[in-house]
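Enquirer: Enclosed is the structure file final_3.pdb (PDB, C-alpha atoms, pLDDT in the B column).
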MODEL        1
ATOM      1  CA  MET Y 854     -28.059  12.790  14.140  1.00 39.00           C
ATOM      2  CA  SER Y 855     -24.570  11.863  15.321  1.00 50.00           C
ATOM      3  CA  ALA Y 856     -21.626  13.942  14.167  1.00 63.00           C
ATOM      4  CA  GLN Y 857     -19.549  12.571  11.299  1.00 72.00           C
ATOM      5  CA  PRO Y 858     -16.378  10.934  12.628  1.00 81.00           C
ATOM      6  CA  ARG Y 859     -13.041  12.567  11.934  1.00 92.00           C
ATOM      7  CA  LEU Y 860      -9.888  10.969  10.610  1.00 96.00           C
ATOM      8  CA  ILE Y 861      -6.455  12.474  11.234  1.00 97.00           C
ATOM      9  CA  LEU Y 862      -3.362  11.460   9.301  1.00 97.00           C
ATOM     10  CA  ALA Y 863      -0.327  11.783  11.584  1.00 96.00           C
ATOM     11  CA  SER Y 864       2.066  12.457   8.713  1.00 93.00           C
ATOM     12  CA  ALA Y 865       3.384  15.285   6.559  1.00 91.00           C
ATOM     13  CA  SER Y 866       4.026  12.912   3.645  1.00 91.00           C
ATOM     14  CA  PRO Y 867       2.661  14.329   0.367  1.00 92.00           C
ATOM     15  CA  SER Y 868       2.436  10.785  -1.026  1.00 93.00           C
ATOM     16  CA  ARG Y 869       0.257   9.512   1.818  1.00 96.00           C
ATOM     17  CA  ARG Y 870      -1.911  12.595   1.549  1.00 96.00           C
ATOM     18  CA  GLN Y 871      -2.395  12.076  -2.183  1.00 96.00           C
ATOM     19  CA  ILE Y 872      -3.267   8.388  -1.846  1.00 97.00           C
ATOM     20  CA  LEU Y 873      -6.036   9.134   0.655  1.00 97.00           C
ATOM     21  CA  LEU Y 874      -7.328  12.026  -1.439  1.00 96.00           C
ATOM     22  CA  ASP Y 875      -7.392   9.826  -4.542  1.00 96.00           C
ATOM     23  CA  ALA Y 876      -9.352   7.240  -2.551  1.00 96.00           C
ATOM     24  CA  GLY Y 877     -11.983   9.873  -1.780  1.00 96.00           C
ATOM     25  CA  ILE Y 878     -11.274   9.909   1.946  1.00 96.00           C
ATOM     26  CA  GLU Y 879     -11.819  13.011   4.084  1.00 96.00           C
ATOM     27  CA  PHE Y 880      -9.135  13.653   6.670  1.00 96.00           C
ATOM     28  CA  ASP Y 881      -7.124  16.294   8.514  1.00 96.00           C
ATOM     29  CA  ILE Y 882      -3.366  16.365   8.941  1.00 96.00           C
ATOM     30  CA  VAL Y 883      -1.593  16.785  12.266  1.00 95.00           C
ATOM     31  CA  VAL Y 884       2.119  16.090  12.000  1.00 94.00           C
ATOM     32  CA  SER Y 885       3.786  13.946  14.624  1.00 91.00           C
ATOM     33  CA  GLU Y 886       6.915  15.264  16.308  1.00 88.00           C
ATOM     34  CA  VAL Y 887       8.352  12.023  17.666  1.00 87.00           C
ATOM     35  CA  ASP Y 888      12.066  11.268  17.543  1.00 88.00           C
ATOM     36  CA  GLU Y 889      12.054   8.085  15.446  1.00 85.00           C
ATOM     37  CA  ARG Y 890      15.576   7.001  16.342  1.00 85.00           C
ATOM     38  CA  ALA Y 891      14.910   7.510  20.043  1.00 89.00           C
ATOM     39  CA  ALA Y 892      11.712   5.461  19.814  1.00 88.00           C
ATOM     40  CA  VAL Y 893      13.505   2.490  18.273  1.00 88.00           C
ATOM     41  CA  GLU Y 894      16.407   2.716  20.730  1.00 89.00           C
ATOM     42  CA  ALA Y 895      13.992   2.913  23.682  1.00 90.00           C
ATOM     43  CA  ALA Y 896      12.172  -0.204  22.510  1.00 88.00           C
ATOM     44  CA  ARG Y 897      15.410  -2.137  22.159  1.00 89.00           C
ATOM     45  CA  GLU Y 898      16.639  -0.998  25.547  1.00 89.00           C
ATOM     46  CA  ALA Y 899      13.350  -2.259  26.967  1.00 88.00           C
ATOM     47  CA  GLY Y 900      14.167  -5.703  25.573  1.00 88.00           C
ATOM     48  CA  GLN Y 901      11.868  -5.716  22.560  1.00 86.00           C
ATOM     49  CA  GLN Y 902      12.929  -7.560  19.422  1.00 86.00           C
ATOM     50  CA  VAL Y 903      12.747  -4.895  16.724  1.00 90.00           C
ATOM     51  CA  GLY Y 904      13.227  -6.305  13.233  1.00 93.00           C
ATOM     52  CA  PRO Y 905      12.443  -4.323  10.073  1.00 94.00           C
ATOM     53  CA  ALA Y 906       8.704  -5.113  10.073  1.00 95.00           C
ATOM     54  CA  GLU Y 907       8.433  -4.497  13.821  1.00 94.00           C
ATOM     55  CA  GLU Y 908      10.267  -1.185  13.428  1.00 93.00           C
ATOM     56  CA  ALA Y 909       7.771   0.015  10.814  1.00 95.00           C
ATOM     57  CA  LEU Y 910       4.833  -0.782  13.105  1.00 95.00           C
ATOM     58  CA  LEU Y 911       6.543   0.640  16.183  1.00 94.00           C
ATOM     59  CA  LEU Y 912       7.135   3.978  14.460  1.00 94.00           C
ATOM     60  CA  ALA Y 913       3.591   4.041  13.099  1.00 95.00           C
ATOM     61  CA  GLN Y 914       2.362   3.505  16.659  1.00 94.00           C
ATOM     62  CA  THR Y 915       4.514   6.245  18.183  1.00 93.00           C
ATOM     63  CA  LYS Y 916       3.341   8.735  15.541  1.00 94.00           C
ATOM     64  CA  ALA Y 917      -0.326   7.880  16.014  1.00 95.00           C
ATOM     65  CA  GLU Y 918      -0.165   7.986  19.809  1.00 91.00           C
ATOM     66  CA  ASP Y 919       1.791  11.239  19.814  1.00 92.00           C
ATOM     67  CA  VAL Y 920      -0.911  12.964  17.772  1.00 93.00           C
ATOM     68  CA  ALA Y 921      -3.767  11.204  19.593  1.00 92.00           C
ATOM     69  CA  SER Y 922      -2.523  12.692  22.874  1.00 88.00           C
ATOM     70  CA  ARG Y 923      -3.136  16.246  21.629  1.00 90.00           C
ATOM     71  CA  PRO Y 924      -6.310  18.248  22.257  1.00 89.00           C
ATOM     72  CA  GLU Y 925      -6.976  18.709  18.524  1.00 89.00           C
ATOM     73  CA  ALA Y 926      -7.294  14.945  18.102  1.00 91.00           C
ATOM     74  CA  ARG Y 927     -10.034  14.579  20.694  1.00 87.00           C
ATOM     75  CA  GLY Y 928     -12.792  12.333  19.388  1.00 89.00           C
ATOM     76  CA  ALA Y 929     -10.991  11.470  16.140  1.00 94.00           C
ATOM     77  CA  PHE Y 930      -9.429   8.369  14.662  1.00 95.00           C
ATOM     78  CA  VAL Y 931      -5.694   8.945  14.240  1.00 96.00           C
ATOM     79  CA  LEU Y 932      -3.691   7.010  11.643  1.00 97.00           C
ATOM     80  CA  GLY Y 933       0.065   6.683  11.921  1.00 97.00           C
ATOM     81  CA  CYS Y 934       2.165   5.079   9.179  1.00 97.00           C
ATOM     82  CA  ASP Y 935       5.817   4.331   8.685  1.00 95.00           C
ATOM     83  CA  SER Y 936       7.796   2.397   6.097  1.00 94.00           C
ATOM     84  CA  VAL Y 937      11.018   0.436   6.477  1.00 94.00           C
ATOM     85  CA  PHE Y 938      12.873  -1.330   3.675  1.00 95.00           C
ATOM     86  CA  GLU Y 939      14.460  -4.708   4.369  1.00 97.00           C
ATOM     87  CA  LEU Y 940      17.308  -6.314   2.460  1.00 96.00           C
ATOM     88  CA  ASP Y 941      19.100  -9.422   3.739  1.00 93.00           C
ATOM     89  CA  GLY Y 942      17.389  -9.024   7.107  1.00 92.00           C
ATOM     90  CA  THR Y 943      18.691  -5.481   7.623  1.00 93.00           C
ATOM     91  CA  ALA Y 944      16.395  -2.483   8.016  1.00 92.00           C
ATOM     92  CA  TYR Y 945      16.980   0.589   5.894  1.00 90.00           C
ATOM     93  CA  GLY Y 946      15.201   3.847   6.575  1.00 86.00           C
ATOM     94  CA  LYS Y 947      15.759   7.231   4.980  1.00 90.00           C
ATOM     95  CA  PRO Y 948      19.289   7.735   3.619  1.00 94.00           C
ATOM     96  CA  TYR Y 949      19.303  11.555   3.988  1.00 94.00           C
ATOM     97  CA  GLU Y 950      22.671  11.861   2.157  1.00 96.00           C
ATOM     98  CA  VAL Y 951      23.405  11.371  -1.553  1.00 97.00           C
ATOM     99  CA  ASP Y 952      26.408   9.093  -1.006  1.00 97.00           C
ATOM    100  CA  VAL Y 953      24.412   6.873   1.346  1.00 97.00           C
ATOM    101  CA  ALA Y 954      21.578   6.625  -1.180  1.00 97.00           C
ATOM    102  CA  VAL Y 955      24.026   5.770  -3.976  1.00 97.00           C
ATOM    103  CA  ALA Y 956      25.611   2.991  -1.910  1.00 96.00           C
ATOM    104  CA  ARG Y 957      22.184   1.535  -1.140  1.00 96.00           C
ATOM    105  CA  TRP Y 958      21.132   1.530  -4.784  1.00 97.00           C
ATOM    106  CA  GLN Y 959      24.362  -0.201  -5.779  1.00 97.00           C
ATOM    107  CA  GLN Y 960      23.533  -2.836  -3.173  1.00 96.00           C
ATOM    108  CA  MET Y 961      19.854  -3.170  -4.180  1.00 96.00           C
ATOM    109  CA  ARG Y 962      20.073  -3.300  -7.972  1.00 96.00           C
ATOM    110  CA  GLY Y 963      19.214  -6.641  -9.498  1.00 97.00           C
ATOM    111  CA  ARG Y 964      17.882  -7.895  -6.184  1.00 97.00           C
ATOM    112  CA  THR Y 965      14.585  -8.218  -4.307  1.00 97.00           C
ATOM    113  CA  GLY Y 966      13.847  -6.650  -0.943  1.00 97.00           C
ATOM    114  CA  ALA Y 967      10.751  -6.120   1.192  1.00 97.00           C
ATOM    115  CA  LEU Y 968       9.067  -2.829   1.963  1.00 96.00           C
ATOM    116  CA  HIS Y 969       7.158  -2.950   5.263  1.00 97.00           C
ATOM    117  CA  THR Y 970       4.551  -0.276   5.953  1.00 97.00           C
ATOM    118  CA  GLY Y 971       3.140  -0.200   9.450  1.00 97.00           C
ATOM    119  CA  HIS Y 972      -0.382   1.142   9.962  1.00 98.00           C
ATOM    120  CA  PHE Y 973      -1.529   2.014  13.481  1.00 97.00           C
ATOM    121  CA  LEU Y 974      -5.011   3.442  14.076  1.00 97.00           C
ATOM    122  CA  VAL Y 975      -6.001   4.990  17.401  1.00 94.00           C
ATOM    123  CA  ALA Y 976      -9.518   5.884  18.482  1.00 93.00           C
ATOM    124  CA  ALA Y 977      -8.574   9.062  20.311  1.00 87.00           C
ATOM    125  CA  GLY Y 978     -12.097   9.402  21.677  1.00 73.00           C
ATOM    126  CA  SER Y 979     -11.435   6.333  23.822  1.00 60.00           C
ATOM    127  CA  ALA Y 980      -8.559   7.949  25.753  1.00 51.00           C
ATOM    128  CA  THR Y 981      -8.814   7.788  29.528  1.00 49.00           C
ATOM    129  CA  SER Y 982      -5.473   9.512  30.110  1.00 45.00           C
ATOM    130  CA  THR Y 983      -2.852  11.310  28.073  1.00 42.00           C
ATOM    131  CA  ALA Y 984       0.730  12.422  28.482  1.00 42.00           C
ATOM    132  CA  GLN Y 985       1.459  16.121  28.788  1.00 37.00           C
ATOM    133  CA  HIS Y 986       3.604  16.564  25.712  1.00 35.00           C
ATOM    134  CA  SER Y 987       4.826  13.370  24.075  1.00 38.00           C
ATOM    135  CA  TRP Y 988       3.874   9.793  24.879  1.00 37.00           C
ATOM    136  CA  LEU Y 989       7.604   9.000  24.713  1.00 34.00           C
ATOM    137  CA  GLY Y 990       8.325  11.436  27.513  1.00 36.00           C
ATOM    138  CA  SER Y 991       5.963   9.875  30.043  1.00 38.00           C
ATOM    139  CA  ALA Y 992       7.665   6.528  30.585  1.00 35.00           C
ATOM    140  CA  ALA Y 993       8.271   7.223  34.263  1.00 27.00           C
ATOM    141  CA  LEU Y 994       4.591   7.880  34.865  1.00 28.00           C
ATOM    142  CA  THR Y 995       2.905   5.122  32.892  1.00 36.00           C
ATOM    143  CA  SER Y 996       3.232   1.392  32.486  1.00 38.00           C
ATOM    144  CA  GLY Y 997       2.808   0.751  28.765  1.00 44.00           C
ATOM    145  CA  PRO Y 998       5.462   0.372  26.070  1.00 43.00           C
ATOM    146  CA  LEU Y 999       7.200   3.663  25.282  1.00 42.00           C
ATOM    147  CA  GLY Y1000       5.245   5.325  28.058  1.00 43.00           C
ATOM    148  CA  VAL Y1001       1.773   4.749  26.652  1.00 46.00           C
ATOM    149  CA  PRO Y1002      -0.712   3.857  29.415  1.00 50.00           C
ATOM    150  CA  GLU Y1003      -1.873   0.268  29.059  1.00 48.00           C
ATOM    151  CA  GLY Y1004      -5.456   0.081  27.822  1.00 51.00           C
ATOM    152  CA  SER Y1005      -5.873   3.854  27.635  1.00 63.00           C
ATOM    153  CA  LEU Y1006      -6.626   3.888  23.894  1.00 73.00           C
ATOM    154  CA  ALA Y1007      -8.557   1.564  21.636  1.00 88.00           C
ATOM    155  CA  SER Y1008      -6.324   0.779  18.669  1.00 92.00           C
ATOM    156  CA  ALA Y1009      -5.780  -1.549  15.746  1.00 95.00           C
ATOM    157  CA  GLU Y1010      -2.645  -2.311  13.791  1.00 96.00           C
ATOM    158  CA  GLU Y1011      -1.484  -3.939  10.579  1.00 97.00           C
ATOM    159  CA  THR Y1012       1.799  -4.193   8.720  1.00 97.00           C
ATOM    160  CA  VAL Y1013       1.604  -4.529   4.947  1.00 98.00           C
ATOM    161  CA  SER Y1014       4.711  -6.061   3.383  1.00 97.00           C
ATOM    162  CA  SER Y1015       5.485  -6.054  -0.338  1.00 97.00           C
ATOM    163  CA  ASP Y1016       8.414  -7.437  -2.325  1.00 98.00           C
ATOM    164  CA  ILE Y1017      10.279  -5.020  -4.592  1.00 97.00           C
ATOM    165  CA  THR Y1018      12.474  -6.340  -7.409  1.00 97.00           C
ATOM    166  CA  PHE Y1019      14.962  -3.809  -8.727  1.00 97.00           C
ATOM    167  CA  GLY Y1020      16.386  -3.506 -12.216  1.00 97.00           C
ATOM    168  CA  GLN Y1021      19.978  -2.855 -13.221  1.00 97.00           C
ATOM    169  CA  PRO Y1022      20.514   0.903 -13.388  1.00 97.00           C
ATOM    170  CA  SER Y1023      24.063   1.996 -14.200  1.00 97.00           C
ATOM    171  CA  ASP Y1024      26.221   3.821 -11.669  1.00 97.00           C
ATOM    172  CA  GLU Y1025      25.650   6.979 -13.685  1.00 97.00           C
ATOM    173  CA  GLN Y1026      21.874   6.559 -13.537  1.00 97.00           C
ATOM    174  CA  ILE Y1027      22.000   5.843  -9.816  1.00 97.00           C
ATOM    175  CA  ARG Y1028      24.118   8.911  -9.123  1.00 97.00           C
ATOM    176  CA  ALA Y1029      21.834  11.176 -11.186  1.00 97.00           C
ATOM    177  CA  TYR Y1030      18.709   9.880  -9.449  1.00 96.00           C
ATOM    178  CA  CYS Y1031      20.158  10.238  -5.968  1.00 97.00           C
ATOM    179  CA  ALA Y1032      21.561  13.699  -6.740  1.00 96.00           C
ATOM    180  CA  SER Y1033      18.028  14.830  -7.611  1.00 96.00           C
ATOM    181  CA  GLY Y1034      17.275  14.655  -3.887  1.00 95.00           C
ATOM    182  CA  GLU Y1035      14.065  12.705  -4.411  1.00 94.00           C
ATOM    183  CA  PRO Y1036      15.064   9.509  -2.559  1.00 94.00           C
ATOM    184  CA  LEU Y1037      16.878  11.110   0.367  1.00 95.00           C
ATOM    185  CA  HIS Y1038      13.821  11.210   2.641  1.00 91.00           C
ATOM    186  CA  CYS Y1039      12.262   7.916   1.524  1.00 90.00           C
ATOM    187  CA  ALA Y1040      12.554   4.515   3.165  1.00 88.00           C
ATOM    188  CA  GLY Y1041      14.808   2.362   1.024  1.00 90.00           C
ATOM    189  CA  ALA Y1042      15.993   5.376  -1.011  1.00 94.00           C
ATOM    190  CA  PHE Y1043      13.340   5.006  -3.709  1.00 93.00           C
ATOM    191  CA  THR Y1044       9.925   6.330  -4.677  1.00 91.00           C
ATOM    192  CA  LEU Y1045       7.686   3.988  -6.598  1.00 90.00           C
ATOM    193  CA  GLU Y1046       5.631   6.885  -7.911  1.00 89.00           C
ATOM    194  CA  GLY Y1047       8.645   8.998  -8.868  1.00 89.00           C
ATOM    195  CA  GLY Y1048      11.983   8.836 -10.625  1.00 91.00           C
ATOM    196  CA  ALA Y1049      12.795   5.334  -9.411  1.00 93.00           C
ATOM    197  CA  ALA Y1050       9.892   3.791 -11.324  1.00 93.00           C
ATOM    198  CA  GLU Y1051      12.038   3.015 -14.363  1.00 94.00           C
ATOM    199  CA  PHE Y1052      14.507   1.114 -12.168  1.00 96.00           C
ATOM    200  CA  ILE Y1053      11.917  -1.137 -10.482  1.00 96.00           C
ATOM    201  CA  ASP Y1054      11.094  -4.310 -12.386  1.00 96.00           C
ATOM    202  CA  ARG Y1055       8.336  -5.706 -10.217  1.00 96.00           C
ATOM    203  CA  VAL Y1056       6.177  -5.111  -7.154  1.00 96.00           C
ATOM    204  CA  ASP Y1057       4.500  -8.060  -5.456  1.00 97.00           C
ATOM    205  CA  GLY Y1058       2.012  -6.690  -2.979  1.00 96.00           C
ATOM    206  CA  ASP Y1059       0.099  -3.509  -2.216  1.00 97.00           C
ATOM    207  CA  ARG Y1060       1.478  -0.649  -4.344  1.00 96.00           C
ATOM    208  CA  ASP Y1061      -0.273   1.990  -2.245  1.00 97.00           C
ATOM    209  CA  ALA Y1062       1.387   0.621   0.888  1.00 97.00           C
ATOM    210  CA  VAL Y1063       4.758   0.770  -0.856  1.00 96.00           C
ATOM    211  CA  ILE Y1064       4.130   4.438  -1.631  1.00 95.00           C
ATOM    212  CA  GLY Y1065       3.110   5.131   1.954  1.00 94.00           C
ATOM    213  CA  VAL Y1066      -0.389   4.079   3.061  1.00 97.00           C
ATOM    214  CA  SER Y1067      -2.891   1.388   2.104  1.00 98.00           C
ATOM    215  CA  PRO Y1068      -6.550   2.499   1.963  1.00 97.00           C
ATOM    216  CA  ALA Y1069      -7.459  -1.202   2.047  1.00 97.00           C
ATOM    217  CA  ALA Y1070      -5.564  -1.665   5.317  1.00 98.00           C
ATOM    218  CA  LEU Y1071      -7.150   1.503   6.725  1.00 98.00           C
ATOM    219  CA  GLY Y1072     -10.580   0.066   5.952  1.00 97.00           C
ATOM    220  CA  ARG Y1073      -9.776  -3.147   7.797  1.00 97.00           C
ATOM    221  CA  LEU Y1074      -8.504  -1.247  10.834  1.00 97.00           C
ATOM    222  CA  LEU Y1075     -11.591   0.957  10.982  1.00 96.00           C
ATOM    223  CA  GLU Y1076     -13.816  -2.125  10.929  1.00 96.00           C
ATOM    224  CA  ARG Y1077     -11.886  -3.603  13.832  1.00 96.00           C
ATOM    225  CA  LEU Y1078     -12.623  -0.418  15.793  1.00 94.00           C
ATOM    226  CA  GLY Y1079     -16.332  -0.550  14.985  1.00 92.00           C
ATOM    227  CA  SER Y1080     -16.350   1.936  12.115  1.00 94.00           C
ATOM    228  CA  THR Y1081     -16.215   1.764   8.319  1.00 94.00           C
ATOM    229  CA  ILE Y1082     -14.243   3.585   5.669  1.00 95.00           C
ATOM    230  CA  LYS Y1083     -17.548   4.711   4.107  1.00 93.00           C
ATOM    231  CA  ASP Y1084     -17.968   7.068   7.065  1.00 92.00           C
ATOM    232  CA  PHE Y1085     -14.956   9.024   5.841  1.00 93.00           C
ATOM    233  CA  ARG Y1086     -15.747   9.210   2.142  1.00 87.00           C
ATOM    234  CA  THR Y1087     -16.255  12.594   0.540  1.00 77.00           C
ATOM    235  CA  ASN Y1088     -19.829  13.400  -0.416  1.00 65.00           C
ATOM    236  CA  THR Y1089     -18.964  12.937  -4.086  1.00 53.00           C
ATOM    237  CA  THR Y1090     -17.587   9.468  -3.413  1.00 51.00           C
ATOM    238  CA  LYS Y1091     -20.562   8.495  -1.210  1.00 53.00           C
ATOM    239  CA  ASP Y1092     -22.998   9.467  -3.944  1.00 50.00           C
ATOM    240  CA  ALA Y1093     -21.109   7.615  -6.667  1.00 47.00           C
TER     241      ALA Y1093
ENDMDL
END
Will you turn the file into structure tokens for me?

Expert:
Amino acid sequence: MSAQPRLILASASPSRRQILLDAGIEFDIVVSEVDERAAVEAAREAGQQVGPAEEALLLAQTKAEDVASRPEARGAFVLGCDSVFELDGTAYGKPYEVDVAVARWQQMRGRTGALHTGHFLVAAGSATSTAQHSWLGSAALTSGPLGVPEGSLASAEETVSSDITFGQPSDEQIRAYCASGEPLHCAGAFTLEGGAAEFIDRVDGDRDAVIGVSPAALGRLLERLGSTIKDFRTNTTKDA
């Protein structure tokens, strides 16, 4: 009998973890240590066109490949995800500071933007070569984008984009929400599953992807790599 395949989530996000747990999926967590800003800058310096949707997928890829290059990922499928919010063609990541988050909310209220979540799945068992520490640090030794050896890993990718229509919170409500700290480490400065819910009028698309990861997209990626999401269900879910 063949061993059950392993799935690794290359993210420390509690929201992504909870979505996969709620979907009955078994997985381990190995957190990526890539420098996101450096990854985007490197891609642009290499001549790549990096719009908001491309940025989300690029960062998902760098996270997945960083973790897939580690010994603990040997033989596993590694999923990297990243979200980028787009408004008027401009990409917005994590605000980190209260004043930045407040300014973004004042810009977003009453309007509709797009939340892009990149999903990148690597079959780490297919690796023929790896970088010593980070895939980003091996550019001088390898020929692929961001230093990843061309053809060294079997992978599949998908970006899930959803439209978010915001309500009309007052300046006082915006300030109180941002001061709570909740949106400071979230793409677009909002959490669909948290305190921002009352200020979001409508979501057109995949709500799970907006929160951080789409189990439906994961299933499609696994199928493209010759597997199935059923292989990663908990025993309780399989028997249901």

Enquirer: Return as lines of an AutoDock Vina configuration file the box centre and box size in Å, one decimal, for an axis-aligned box around all listed atoms of region 1055-1072 of chain Y padded by 6 Å per side.

Expert:
center_x = -1.1
center_y = -1.5
center_z = -1.7
size_x = 30.9
size_y = 25.2
size_z = 28.9

Enquirer: Report as a CSV table (one decimal) with C-alpha atoms, in the coordinates of the input the full result of the PyMOL selection byres ((chain Y and resi 890) around 12) when it is applied to this structure.

Expert:
chain,number,residue,atom,x,y,z
Y,886,GLU,CA,6.9,15.3,16.3
Y,887,VAL,CA,8.4,12.0,17.7
Y,888,ASP,CA,12.1,11.3,17.5
Y,889,GLU,CA,12.1,8.1,15.4
Y,891,ALA,CA,14.9,7.5,20.0
Y,892,ALA,CA,11.7,5.5,19.8
Y,893,VAL,CA,13.5,2.5,18.3
Y,894,GLU,CA,16.4,2.7,20.7
Y,895,ALA,CA,14.0,2.9,23.7
Y,896,ALA,CA,12.2,-0.2,22.5
Y,897,ARG,CA,15.4,-2.1,22.2
Y,908,GLU,CA,10.3,-1.2,13.4
Y,909,ALA,CA,7.8,0.0,10.8
Y,911,LEU,CA,6.5,0.6,16.2
Y,912,LEU,CA,7.1,4.0,14.5
Y,915,THR,CA,4.5,6.2,18.2
Y,946,GLY,CA,15.2,3.8,6.6
Y,947,LYS,CA,15.8,7.2,5.0
Y,989,LEU,CA,7.6,9.0,24.7

Enquirer: Tell me, in Å to one decimal, how far CA of Gly933 (chain Y) is from CA of Ser864 (chain Y).

Expert: 6.9 Å

Enquirer: Neighbourhood query: residues within 10 Å of (14.9, 0.8, 6.0), file coordinates, counting all atoms listed in the file; return as number ranges by chain.

Expert: Y: 905-906, 908-909, 936-940, 943-948, 967-969, 1039-1042

Enquirer: Could you check which of Y:Lys916, Y:Arg923, Y:Arg1028, Y:Arg962 is closest to Glu950 (chain Y), using only C-alpha atoms?

Expert: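 Going through Y:Lys916, Y:Arg923, Y:Arg1028, Y:Arg962 one by one, the smallest distance to Glu950 (chain Y) is for Y:Arg1028.
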
Enquirer: Using only C-alpha atoms, determine which residues lie at most 12 Å from Arg870 (chain Y), disregarding the query and same-chain residues fewer than 5 positions distant; provide the list as a list in words.

Expert: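 Neighbouring residues, sequence-local ones excluded: Ile861, Leu862, Ala863, Ser864, Ala865, Asp875, Ala876, Gly877, Ile878, Glu879, Phe880, Asp881, Ile882, Val883, Val884, Leu932, Cys934, Asp1061, Ile1064, Gly1065, Val1066, Ser1067 and Pro1068 of chain Y.
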
Enquirer: So, counting all atoms listed in the file, which residue among Y:Glu1011, Y:Glu918, Y:Asp952, Y:Glu1046 is closest to Ala976 (chain Y)?

Expert: Y:Glu918

Enquirer: Do you have the CA of Asp935 (chain Y)-CA of His972 (chain Y) distance handy?

Expert: 7.1 Å

Enquirer: Between Y:Leu873, Y:Ala899, Y:Leu974, Y:Ala1049, which has the minimum distance to Leu1006 (chain Y) (counting all atoms listed in the file)?

Expert: Y:Leu974

Enquirer: Report, in Å to a single decimal, how far apart CA of Arg859 (chain Y) and CA of Phe930 (chain Y) are.

Expert: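 One can read the CA of Phe930 (chain Y) to CA of Arg859 (chain Y) distance as 6.2 Å.
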
Enquirer: Running the PyMOL selection byres ((chain Y and resi 1027) around 10) on this model by hand, what would come out? Give it as a PyMOL selection string.

Expert: chain Y and resi 954-959+962+1021-1026+1028-1032+1049+1052
